>>> print(open('model-v4.tsv').read())   # TSV, C-alpha atoms
chain	number	residue	atom	x	y	z
A	1128	MET	CA	0.00	0.00	0.00
A	1129	SER	CA	1.32	3.41	-0.99
A	1130	CYS	CA	-0.22	5.44	1.84
A	1131	HIS	CA	1.52	6.47	4.98
A	1132	GLU	CA	2.04	3.86	7.69
A	1133	ASP	CA	0.36	6.17	10.18
A	1134	ILE	CA	-3.00	5.62	8.55
A	1135	VAL	CA	-2.78	1.86	9.07
A	1136	ASP	CA	-1.81	2.45	12.70
A	1137	TYR	CA	-4.88	4.66	13.09
A	1138	MET	CA	-7.01	1.88	11.69
A	1139	HIS	CA	-5.70	-0.51	14.32
A	1140	ASP	CA	-6.10	2.04	17.06
A	1141	TYR	CA	-9.64	2.56	15.87
A	1142	LEU	CA	-10.33	-1.17	15.99
A	1143	ASP	CA	-8.76	-1.40	19.46
A	1144	GLU	CA	-10.98	1.48	20.53
A	1145	SER	CA	-7.92	3.39	21.65
A	1146	ILE	CA	-7.79	6.08	18.95
A	1147	THR	CA	-7.62	9.75	19.94
A	1148	GLU	CA	-10.28	12.12	18.62
A	1149	GLU	CA	-7.62	13.95	16.63
A	1150	ASN	CA	-6.37	10.81	14.87
A	1151	LYS	CA	-9.89	9.61	14.32
A	1152	GLU	CA	-10.57	12.81	12.40
A	1153	ARG	CA	-7.39	12.35	10.36
A	1154	LEU	CA	-8.38	8.77	9.55
A	1155	ARG	CA	-11.85	9.86	8.52
A	1156	GLU	CA	-10.50	12.56	6.23
A	1157	HIS	CA	-8.00	10.23	4.68
A	1158	LEU	CA	-10.52	7.44	4.07
A	1159	HIS	CA	-12.75	9.97	2.42
A	1160	SER	CA	-10.14	10.83	-0.14
A	1161	CYS	CA	-8.26	7.50	-0.59
A	1162	ALA	CA	-10.15	4.58	-2.15
A	1163	GLU	CA	-7.25	2.18	-1.63
A	1164	CYS	CA	-7.19	2.74	2.13
A	1165	ARG	CA	-10.96	2.60	2.23
A	1166	SER	CA	-10.99	-0.88	0.73
A	1167	TYR	CA	-8.10	-1.94	2.98
A	1168	PHE	CA	-10.00	-0.83	6.07
A	1169	HIS	CA	-13.18	-2.41	4.79
A	1170	ASP	CA	-11.44	-5.78	4.25
A	1171	MET	CA	-9.98	-5.72	7.72
A	1172	LYS	CA	-13.31	-5.00	9.33
A	1173	LYS	CA	-14.93	-7.69	7.22
A	1174	ALA	CA	-12.31	-10.24	8.28
A	1175	ILE	CA	-13.04	-9.47	11.94
A	1176	ALA	CA	-16.78	-9.72	11.37
A	1177	LEU	CA	-16.32	-13.11	9.70
A	1178	VAL	CA	-14.24	-14.41	12.61
A	1179	GLN	CA	-16.86	-13.11	15.04
A	1180	SER	CA	-19.63	-14.73	13.02
A	1181	THR	CA	-18.39	-18.25	13.65
A	1182	ALA	CA	-20.98	-20.21	15.56
A	1183	ARG	CA	-20.58	-20.65	19.28
A	1184	ILE	CA	-19.95	-24.31	19.82
A	1185	LYS	CA	-20.84	-26.21	22.96
A	1186	ALA	CA	-18.93	-28.84	24.88
A	1187	PRO	CA	-20.30	-32.41	24.57
A	1188	ASP	CA	-23.00	-33.41	27.06
A	1189	ASP	CA	-20.81	-35.86	28.94
A	1190	PHE	CA	-17.95	-33.37	29.26
A	1191	THR	CA	-18.31	-32.64	32.97
A	1192	ALA	CA	-18.81	-36.30	33.84
A	1193	ARG	CA	-15.63	-37.19	31.99
A	1194	VAL	CA	-13.64	-34.48	33.72
A	1195	MET	CA	-14.95	-35.62	37.10
A	1196	ALA	CA	-14.02	-39.22	36.27
A	1197	SER	CA	-10.43	-38.25	35.53
A	1198	ILE	CA	-9.62	-36.12	38.56
A	1199	PRO	CA	-8.04	-37.78	41.63
A	1200	LYS	CA	-10.55	-39.22	44.09
A	1201	GLU	CA	-11.60	-37.12	47.05
A	1202	LYS	CA	-10.97	-37.85	50.71
A	1203	LYS	CA	-13.63	-39.97	52.37
A	1204	ASN	CA	-14.72	-37.63	55.15
A	1205	ILE	CA	-15.73	-35.05	52.55
A	1206	GLY	CA	-18.52	-37.33	51.38
A	1207	MET	CA	-19.82	-37.33	54.94
A	1208	LYS	CA	-19.59	-33.55	55.24
A	1209	ARG	CA	-21.51	-33.12	52.01
A	1210	TYR	CA	-24.09	-35.66	53.20
A	1211	LEU	CA	-24.63	-33.61	56.33
A	1212	ARG	CA	-24.85	-30.42	54.33
A	1213	ASN	CA	-27.47	-31.97	52.07
A	1214	HIS	CA	-29.50	-33.29	55.01
A	1215	PRO	CA	-29.85	-30.28	57.31
A	1216	LEU	CA	-32.66	-31.72	59.42
A	1217	LEU	CA	-30.73	-34.83	60.26
A	1218	THR	CA	-27.68	-32.72	60.98
A	1219	ALA	CA	-29.69	-30.46	63.27
A	1220	ALA	CA	-31.14	-33.45	65.12
A	1221	SER	CA	-27.78	-35.10	65.67
A	1222	LEU	CA	-26.21	-31.82	66.64
A	1223	PHE	CA	-28.98	-31.32	69.20
A	1224	ILE	CA	-28.35	-34.74	70.70
A	1225	VAL	CA	-24.61	-34.15	70.89
A	1226	LEU	CA	-25.01	-30.74	72.51
A	1227	MET	CA	-27.65	-31.93	74.98
A	1228	GLY	CA	-25.48	-34.86	75.98
A	1229	GLY	CA	-22.54	-32.52	76.23
A	1230	SER	CA	-24.33	-30.05	78.43
A	1231	ILE	CA	-25.54	-32.73	80.85
A	1232	PHE	CA	-22.07	-34.22	81.19
A	1233	SER	CA	-20.44	-30.86	81.53
A	1234	THR	CA	-22.83	-29.84	84.31
A	1235	TRP	CA	-21.84	-33.07	86.02
A	1236	GLY	CA	-18.21	-32.04	85.79
A	1237	GLU	CA	-18.87	-28.49	86.94
A	1238	GLU	CA	-20.89	-29.51	89.92
A	1239	GLN	CA	-18.13	-30.94	92.02
A	1240	ASN	CA	-18.55	-28.02	94.41
A	1241	PHE	CA	-20.72	-28.00	97.44
A	1242	ALA	CA	-24.14	-26.52	96.81
A	1243	VAL	CA	-27.42	-26.32	98.59
A	1244	SER	CA	-30.81	-24.95	97.70
A	1245	LYS	CA	-31.46	-21.61	99.35
A	1246	GLN	CA	-34.20	-21.60	101.90
A	1247	GLU	CA	-34.86	-20.08	105.27
A	1248	ASN	CA	-33.76	-21.86	108.42
A	1249	ILE	CA	-30.94	-23.80	106.74
A	1250	VAL	CA	-27.59	-23.77	108.50
A	1251	VAL	CA	-24.36	-24.73	106.75
A	1252	GLU	CA	-21.23	-25.92	108.61
A	1253	ASN	CA	-18.20	-27.29	106.71
A	1254	GLU	CA	-20.15	-28.75	103.81
A	1255	MET	CA	-22.70	-30.12	106.22
A	1256	VAL	CA	-26.23	-28.83	105.95
A	1257	ILE	CA	-28.13	-28.70	109.19
A	1258	ILE	CA	-31.83	-28.30	109.60
A	1259	PRO	CA	-31.83	-27.07	113.19
A	1260	ALA	CA	-34.15	-28.65	115.75
A	1261	GLY	CA	-37.43	-26.90	116.12
A	1262	LYS	CA	-37.16	-25.16	112.76
A	1263	VAL	CA	-39.27	-25.83	109.67
A	1264	VAL	CA	-37.94	-25.59	106.10
A	1265	LYS	CA	-40.57	-25.07	103.47
A	1266	GLY	CA	-40.05	-26.70	100.08
A	1267	ASP	CA	-37.66	-29.32	98.64
A	1268	VAL	CA	-34.07	-29.35	99.83
A	1269	VAL	CA	-31.27	-30.35	97.46
A	1270	VAL	CA	-27.70	-30.82	98.65
A	1271	LYS	CA	-24.84	-31.44	96.26
A	1272	ASN	CA	-21.41	-32.73	97.29
A	1273	GLY	CA	-22.23	-32.40	100.93
A	1274	ASP	CA	-24.09	-34.12	103.79
A	1275	ILE	CA	-27.30	-33.15	105.53
A	1276	ARG	CA	-28.37	-33.61	109.11
A	1277	ILE	CA	-32.02	-33.19	109.76
A	1278	GLU	CA	-32.93	-32.25	113.32
A	1279	GLY	CA	-35.90	-30.11	112.48
A	1280	GLU	CA	-38.61	-30.48	109.87
A	1281	VAL	CA	-38.64	-30.30	106.08
A	1282	ASN	CA	-41.91	-29.70	104.32
A	1283	GLY	CA	-40.92	-31.35	101.07
A	1284	ASP	CA	-38.44	-33.80	99.49
A	1285	VAL	CA	-34.82	-34.08	100.51
A	1286	THR	CA	-32.30	-34.96	97.81
A	1287	VAL	CA	-28.63	-35.58	98.59
A	1288	ILE	CA	-26.22	-35.86	95.70
A	1289	ASN	CA	-22.76	-37.22	96.42
A	1290	GLY	CA	-23.33	-37.07	100.13
A	1291	GLU	CA	-25.12	-38.66	103.02
A	1292	GLN	CA	-28.09	-37.77	105.11
A	1293	TYR	CA	-28.40	-38.18	108.84
A	1294	MET	CA	-31.79	-38.09	110.38
A	1295	ALA	CA	-32.03	-37.11	114.02
A	1296	TYR	CA	-34.68	-38.73	116.14
A	1297	ALA	CA	-36.75	-35.58	116.18
A	1298	GLY	CA	-36.17	-34.89	112.52
A	1299	LYS	CA	-39.07	-35.02	110.15
A	1300	VAL	CA	-39.39	-34.95	106.32
A	1301	THR	CA	-42.85	-34.78	104.87
A	1302	GLY	CA	-41.71	-35.81	101.39
A	1303	GLN	CA	-39.22	-38.41	100.12
A	1304	ILE	CA	-35.58	-38.69	101.02
A	1305	VAL	CA	-33.35	-39.57	98.09
A	1306	VAL	CA	-29.62	-40.10	98.21
A	1307	ILE	CA	-27.76	-40.08	94.90
A	1308	ASP	CA	-24.09	-40.84	94.63
A	1309	GLU	CA	-23.71	-42.49	91.28
A	1310	MET	CA	-23.39	-40.58	88.11
A	1311	PHE	CA	-26.13	-42.43	86.30
A	1312	GLU	CA	-28.52	-42.08	89.14
A	1313	TRP	CA	-27.74	-38.40	89.13
A	1314	LEU	CA	-28.39	-38.31	85.38
A	1315	TRP	CA	-31.68	-40.08	85.90
A	1316	PHE	CA	-32.56	-37.57	88.56
A	1317	LYS	CA	-31.70	-34.75	86.16
A	1318	VAL	CA	-33.88	-36.26	83.47
A	1319	LYS	CA	-36.71	-36.88	85.91
A	1320	SER	CA	-36.62	-33.37	87.29
A	1321	THR	CA	-36.52	-31.91	83.77
A	1322	GLY	CA	-39.55	-34.03	82.94
A	1323	LYS	CA	-41.26	-32.92	86.10
A	1324	ALA	CA	-40.54	-29.30	85.35
A	1325	LEU	CA	-41.97	-29.71	81.87
A	1326	PHE	CA	-45.00	-31.48	83.26
A	1327	LYS	CA	-45.52	-28.77	85.81
A	1328	GLY	CA	-45.12	-26.19	83.10
A	1329	ASP	CA	-47.89	-27.89	81.17
A	1330	GLU	CA	-50.09	-27.96	84.22
A	1331	ASN	CA	-49.59	-24.28	84.80
A	1332	GLU	CA	-50.80	-23.57	81.32
B	1383	MET	CA	-20.36	-14.92	39.16
B	1384	GLU	CA	-16.85	-14.43	40.54
B	1385	VAL	CA	-18.23	-14.60	44.09
B	1386	ILE	CA	-19.93	-17.93	43.43
B	1387	ILE	CA	-16.79	-19.25	41.78
B	1388	LYS	CA	-14.69	-18.24	44.77
B	1389	GLN	CA	-17.07	-20.00	47.13
B	1390	ARG	CA	-16.82	-23.11	45.01
B	1391	ILE	CA	-13.03	-22.87	44.96
B	1392	ASN	CA	-12.96	-22.71	48.75
B	1393	GLN	CA	-15.12	-25.82	48.87
B	1394	VAL	CA	-12.79	-27.55	46.41
B	1395	LEU	CA	-9.84	-26.56	48.60
B	1396	LYS	CA	-11.58	-28.33	51.48
B	1397	GLY	CA	-11.73	-31.39	49.24
B	1398	ASP	CA	-15.27	-31.19	47.90
B	1399	GLN	CA	-15.21	-32.52	44.35
B	1400	ASN	CA	-18.84	-31.79	43.58
B	1401	ALA	CA	-18.10	-28.08	43.91
B	1402	PHE	CA	-15.51	-28.51	41.19
B	1403	GLY	CA	-18.15	-30.12	38.99
B	1404	GLU	CA	-20.15	-26.91	39.22
B	1405	ILE	CA	-17.10	-24.90	38.13
B	1406	VAL	CA	-16.65	-27.21	35.13
B	1407	GLU	CA	-20.31	-26.75	34.19
B	1408	LEU	CA	-19.93	-22.97	34.21
B	1409	TYR	CA	-16.81	-22.81	32.05
B	1410	LYS	CA	-16.87	-25.95	29.89
B	1411	ASP	CA	-18.33	-24.30	26.79
B	1412	LYS	CA	-15.95	-21.36	26.82
B	1413	VAL	CA	-12.89	-23.51	27.39
B	1414	PHE	CA	-14.01	-26.03	24.78
B	1415	GLN	CA	-14.66	-23.24	22.30
B	1416	LEU	CA	-11.22	-21.75	22.95
B	1417	CYS	CA	-9.55	-25.12	22.39
B	1418	PHE	CA	-11.59	-25.87	19.29
B	1419	ARG	CA	-10.75	-22.55	17.66
B	1420	MET	CA	-7.09	-23.02	18.53
B	1421	LEU	CA	-6.86	-26.62	17.36
B	1422	GLY	CA	-9.63	-27.03	14.77
B	1423	ASN	CA	-10.42	-30.58	15.79
B	1424	ARG	CA	-13.24	-31.56	18.12
B	1425	HIS	CA	-11.54	-34.62	19.59
B	1426	GLU	CA	-8.34	-32.80	20.30
B	1427	ALA	CA	-10.24	-29.81	21.62
B	1428	GLU	CA	-12.16	-32.06	23.99
B	1429	ASP	CA	-8.99	-33.73	25.21
B	1430	MET	CA	-7.26	-30.41	25.79
B	1431	ALA	CA	-10.27	-28.81	27.47
B	1432	GLN	CA	-10.60	-31.78	29.81
B	1433	GLU	CA	-6.90	-31.72	30.52
B	1434	ALA	CA	-7.17	-28.01	31.33
B	1435	PHE	CA	-9.85	-28.69	33.94
B	1436	VAL	CA	-7.95	-31.61	35.43
B	1437	ARG	CA	-4.85	-29.42	35.77
B	1438	ALA	CA	-6.90	-26.64	37.29
B	1439	TYR	CA	-8.24	-29.12	39.86
B	1440	VAL	CA	-4.83	-30.57	40.71
B	1441	ASN	CA	-3.26	-27.11	41.04
B	1442	ILE	CA	-6.21	-25.34	42.63
B	1443	HIS	CA	-4.20	-24.63	45.80
B	1444	ARG	CA	-1.83	-22.56	43.65
B	1445	PHE	CA	-4.63	-20.37	42.35
B	1446	ASN	CA	-4.36	-16.84	43.68
B	1447	ILE	CA	-7.83	-16.05	45.00
B	1448	GLN	CA	-7.32	-12.32	44.22
B	1449	MET	CA	-7.12	-13.19	40.54
B	1450	LYS	CA	-10.02	-13.71	38.18
B	1451	PHE	CA	-10.59	-17.46	37.96
B	1452	SER	CA	-11.42	-17.42	34.24
B	1453	THR	CA	-8.08	-15.72	33.50
B	1454	TRP	CA	-6.23	-18.50	35.29
B	1455	LEU	CA	-8.29	-21.23	33.63
B	1456	TYR	CA	-7.86	-19.71	30.15
B	1457	ARG	CA	-4.14	-19.47	30.74
B	1458	ILE	CA	-3.95	-23.19	31.47
B	1459	ALA	CA	-6.07	-24.02	28.42
B	1460	THR	CA	-4.19	-21.66	26.08
B	1461	ASN	CA	-0.81	-22.99	27.17
B	1462	LEU	CA	-1.96	-26.57	26.63
B	1463	CYS	CA	-3.20	-25.72	23.14
B	1464	ILE	CA	-0.03	-23.84	22.22
B	1465	ASP	CA	2.09	-26.78	23.38
B	1466	ARG	CA	-0.11	-29.08	21.37
B	1467	ILE	CA	0.23	-26.96	18.22
B	1468	ARG	CA	4.00	-26.87	18.59
B	1469	LYS	CA	4.19	-30.63	18.90
B	1470	LYS	CA	2.07	-31.22	15.84
B	1471	LYS	CA	3.46	-32.93	12.80
B	1472	PRO	CA	3.84	-31.12	9.46
B	1473	ASP	CA	0.75	-32.91	8.04
B	1474	TYR	CA	-1.20	-30.62	10.30
B	1475	PHE	CA	-3.18	-28.88	7.56
B	1476	LEU	CA	-4.56	-32.13	6.15
B	1477	ASP	CA	-5.57	-33.00	9.65
B	1478	ALA	CA	-7.29	-29.67	10.15
B	1479	GLU	CA	-9.35	-30.09	7.00
B	1480	VAL	CA	-10.57	-33.47	8.12
B	1481	ALA	CA	-11.38	-31.94	11.43
B	1482	GLY	CA	-13.30	-29.10	9.84
B	1483	THR	CA	-15.63	-31.34	7.82
B	1484	GLU	CA	-16.14	-33.44	10.89
B	1485	GLY	CA	-17.79	-30.70	12.91
B	1486	LEU	CA	-20.94	-32.76	13.32
B	1487	ASN	CA	-22.73	-30.45	15.66
B	1488	MET	CA	-22.41	-27.48	13.37
B	1489	TYR	CA	-25.90	-28.10	11.98
B	1490	SER	CA	-27.46	-28.02	15.37
B	1491	LEU	CA	-25.68	-24.77	16.14
B	1492	ILE	CA	-27.27	-22.82	13.35
B	1493	ALA	CA	-30.58	-21.49	14.52
B	1494	ASP	CA	-33.47	-23.58	13.18
B	1495	ASP	CA	-35.52	-20.69	11.94
B	1496	SER	CA	-32.58	-19.02	10.24
B	1497	ALA	CA	-32.65	-20.26	6.67
B	1498	LEU	CA	-33.39	-22.82	4.00
B	1499	PRO	CA	-31.27	-25.96	3.84
B	1500	GLU	CA	-29.23	-24.59	0.93
B	1501	ASP	CA	-28.31	-21.54	2.94
B	1502	GLU	CA	-27.47	-23.73	5.86
B	1503	VAL	CA	-25.00	-25.71	3.83
B	1504	GLU	CA	-23.52	-22.51	2.48
B	1505	SER	CA	-23.29	-21.07	5.96
B	1506	LEU	CA	-21.72	-24.28	7.18
B	1507	GLU	CA	-19.10	-24.13	4.45
B	1508	LEU	CA	-18.41	-20.52	5.31
B	1509	GLN	CA	-17.95	-21.45	8.96
B	1510	GLU	CA	-15.47	-24.13	8.00
B	1511	THR	CA	-13.57	-21.81	5.72
B	1512	ILE	CA	-13.27	-19.18	8.41
B	1513	GLN	CA	-12.11	-21.80	10.90
B	1514	ASP	CA	-9.49	-22.97	8.40
B	1515	GLU	CA	-8.26	-19.42	7.97
B	1516	ILE	CA	-7.98	-18.98	11.73
B	1517	LEU	CA	-5.95	-22.18	11.84
B	1518	LYS	CA	-3.56	-20.85	9.22
B	1519	LEU	CA	-2.50	-18.07	11.55
B	1520	PRO	CA	0.78	-18.69	13.39
B	1521	GLU	CA	0.02	-19.84	16.92
B	1522	LYS	CA	1.03	-16.55	18.59
B	1523	TYR	CA	-1.39	-14.55	16.44
B	1524	ARG	CA	-4.07	-17.22	16.59
B	1525	SER	CA	-4.24	-17.20	20.38
B	1526	VAL	CA	-4.72	-13.42	20.62
B	1527	ILE	CA	-7.30	-13.37	17.79
B	1528	VAL	CA	-9.30	-16.20	19.37
B	1529	LEU	CA	-9.20	-14.58	22.83
B	1530	LYS	CA	-10.10	-11.17	21.43
B	1531	TYR	CA	-12.72	-11.95	18.80
B	1532	ILE	CA	-14.19	-15.28	19.85
B	1533	GLU	CA	-13.90	-15.19	23.63
B	1534	GLU	CA	-14.39	-11.40	23.46
B	1535	LEU	CA	-11.89	-10.59	26.19
B	1536	SER	CA	-10.28	-7.24	26.90
B	1537	LEU	CA	-6.65	-6.49	26.05
B	1538	LYS	CA	-5.88	-6.47	29.77
B	1539	GLU	CA	-7.35	-9.94	30.29
B	1540	ILE	CA	-5.52	-11.27	27.24
B	1541	SER	CA	-2.27	-9.83	28.55
B	1542	ASP	CA	-2.91	-11.54	31.93
B	1543	ILE	CA	-3.78	-14.86	30.30
B	1544	LEU	CA	-0.74	-14.92	28.03
B	1545	ASP	CA	1.51	-13.25	30.59
B	1546	LEU	CA	2.60	-10.68	27.98
B	1547	PRO	CA	2.75	-6.88	28.15
B	1548	ILE	CA	-0.33	-5.15	26.68
B	1549	GLY	CA	1.89	-3.61	23.98
B	1550	THR	CA	2.90	-7.06	22.77
B	1551	VAL	CA	-0.70	-8.23	22.79
B	1552	LYS	CA	-1.68	-5.20	20.69
B	1553	THR	CA	1.09	-5.81	18.17
B	1554	ARG	CA	0.06	-9.42	17.82
B	1555	ILE	CA	-3.57	-8.53	17.35
B	1556	HIS	CA	-2.57	-6.03	14.66
B	1557	ARG	CA	-0.49	-8.62	12.83
B	1558	GLY	CA	-3.27	-11.18	13.21
B	1559	ARG	CA	-5.78	-8.73	11.75
B	1560	GLU	CA	-3.48	-7.99	8.83
B	1561	ALA	CA	-3.09	-11.69	8.11
B	1562	LEU	CA	-6.83	-12.31	8.32
B	1563	ARG	CA	-7.51	-9.36	6.06
B	1564	LYS	CA	-5.31	-10.90	3.36
B	1565	GLN	CA	-6.71	-14.39	3.84
B	1566	LEU	CA	-10.36	-13.40	3.92
B	1567	SER	CA	-10.37	-10.53	1.40
B	1568	ASN	CA	-11.91	-12.68	-1.36
B	1569	PHE	CA	-15.21	-13.17	0.46
>>> encode(input="model-v4.tsv", output="structure tokens")
Amino acid sequence: MSCHEDIVDYMHDYLDESITEENKERLREHLHSCAECRSYFHDMKKAIALVQSTARIKAPDDFTARVMASIPKEKKNIGMKRYLRNHPLLTAASLFIVLMGGSIFSTWGEEQNFAVSKQENIVVENEMVIIPAGKVVKGDVVVKNGDIRIEGEVNGDVTVINGEQYMAYAGKVTGQIVVIDEMFEWLWFKVKSTGKALFKGDENE
Amino acid sequence: MEVIIKQRINQVLKGDQNAFGEIVELYKDKVFQLCFRMLGNRHEAEDMAQEAFVRAYVNIHRFNIQMKFSTWLYRIATNLCIDRIRKKKPDYFLDAEVAGTEGLNMYSLIADDSALPEDEVESLELQETIQDEILKLPEKYRSVIVLKYIEELSLKEISDILDLPIGTVKTRIHRGREALRKQLSNF
């Protein structure tokens, strides 16, 4: 082509969408006057249009399956994780069981300290709970990790966990006396009292 | 799109293969198209595209999460195709012609309502001719032309994929355009 190299550069800049307004004007003027450059530019644009016109082809249907078959096998526990992710209800249920179990056992561990239910007329001496003679305690008494000596009267149940109870001759308990010193008995007690609480809750409604 | 892809990549990093399957589904057509336009043969293109995904999976821990995933994936695919072209035997052009006529799915790709059967055949022949002309380009011009005009990527993305300065990418596109102009001027 006889024309100046600059013009061809402008054409490319134009096609790259990076031409300046000034050069764009120069290109336009030149194309207006030069038939040779006009046909050159036209052919180049046509070639691009033809390349762009090629049909978009799609990968074969089994493409993904074949890729997945040729990648290294995954670790086993991942299958389990995905199973849990795809079954949220089951996951929630098992999580609930684990956490509930966990909380019951952890309360067992935490409750190694001496504890007693708070009521009037209860005296505590060196991890020994005393119901003084002549006094009346209203409601259930629970003692954990300690002993109880009953000289007075309890209007309710007495529960001793990890401890012993001594009943004085004059002592009186209107309800039941339960001594728990095994973990499973304690668990059973916990379950029973939870049940009771729920039952009571229902009654209140 | 990129957000979803990055989530999937994190799942793949934790070892979840199904998440990778979703990535393949999203990019399979583009990668296959890239390979087909680079190689001109469906079987080879399928092999290369699959290989690209397998390599992406195996090297996923090396992927820089700040980067665009498609750029990384296209880089793997383009490099595989370029290697393949360089290893090809000299009877390559015969091979390409066989490949061109073999594009079975071409019919199904032309919209049904578009034209009469005669026009379809003509259009099909045109498609093959254009593909042949793309294949005649030297590999360094072919890759930029395919990325620019078939994958419709920006100069910046092309420069990231090929790991070349933008100036070099531009020069190659210019040369590729010049070559195509000569080859396709008789249409």
>>> interface_residues(input="model-v4.tsv", of="chain B", to="chain A", cutoff="6 Å", atoms="only C-alpha atoms", output="mmCIF file with C-alpha atoms, keeping the file's coordinate frame")
data_model
loop_
_atom_site.group_PDB
_atom_site.id
_atom_site.type_symbol
_atom_site.label_atom_id
_atom_site.label_comp_id
_atom_site.auth_asym_id
_atom_site.auth_seq_id
_atom_site.Cartn_x
_atom_site.Cartn_y
_atom_site.Cartn_z
ATOM 1 C CA ASP B 1411 -18.330 -24.300 26.790
ATOM 2 C CA PHE B 1414 -14.010 -26.030 24.780
ATOM 3 C CA GLN B 1415 -14.660 -23.240 22.300
ATOM 4 C CA GLN B 1432 -10.600 -31.780 29.810
ATOM 5 C CA VAL B 1436 -7.950 -31.610 35.430
ATOM 6 C CA GLN B 1509 -17.950 -21.450 8.960
ATOM 7 C CA TYR B 1531 -12.720 -11.950 18.800
ATOM 8 C CA ILE B 1532 -14.190 -15.280 19.850
ATOM 9 C CA LEU B 1562 -6.830 -12.310 8.320
ATOM 10 C CA ARG B 1563 -7.510 -9.360 6.060
ATOM 11 C CA LEU B 1566 -10.360 -13.400 3.920
ATOM 12 C CA SER B 1567 -10.370 -10.530 1.400
#
>>> atom_distance(input="model-v4.tsv", atom1="CA of Lys1396 in chain B", atom2="CA of Phe1445 in chain B")
14.0 Å
>>> residues_around(input="model-v4.tsv", residues="range 1537-1545 of chain B", least_positions_apart="5", cutoff="10 Å", atoms="only C-alpha atoms", output="list of chain:residue names")
A:Asp1143, B:Met1449, B:Lys1450, B:Ser1452, B:Thr1453, B:Trp1454, B:Leu1455, B:Tyr1456, B:Arg1457, B:Ile1458, B:Ala1459, B:Thr1460, B:Asn1461, B:Lys1522, B:Ser1525, B:Val1526, B:Ile1527, B:Leu1529, B:Lys1530, B:Thr1550, B:Val1551, B:Lys1552, B:Ile1555
>>> atom_distance(input="model-v4.tsv", atom1="CA of Phe1569 in chain B", atom2="CA of Arg1165 in chain A")
16.4 Å
>>> axis_aligned_box(input="model-v4.tsv", around="range 1180-1188 of chain A", padding_each_side="3 Å", output="JSON")
{"center_x": -20.7, "center_y": -24.1, "center_z": 20.0, "size_x": 10.6, "size_y": 24.7, "size_z": 20.0}
>>> closest_residue(input="model-v4.tsv", among="A:Gln1246, A:Ile1257, A:Leu1314, A:Lys1271", to="Met1294 in chain A", atoms="only C-alpha atoms")
A:Ile1257
>>> atom_distance(input="model-v4.tsv", atom1="CA of Val1413 in chain B", atom2="CA of Glu1144 in chain A")
26.0 Å
>>> closest_residue(input="model-v4.tsv", among="B:Leu1508, B:Leu1395, B:Val1528, B:Leu1408", to="Cys1463 in chain B", atoms="all atoms listed in the file")
B:Val1528
>>> closest_residue(input="model-v4.tsv", among="B:His1425, B:Arg1468, B:Arg1390, B:Arg1419", to="Ile1442 in chain B", atoms="all atoms listed in the file")
B:Arg1390
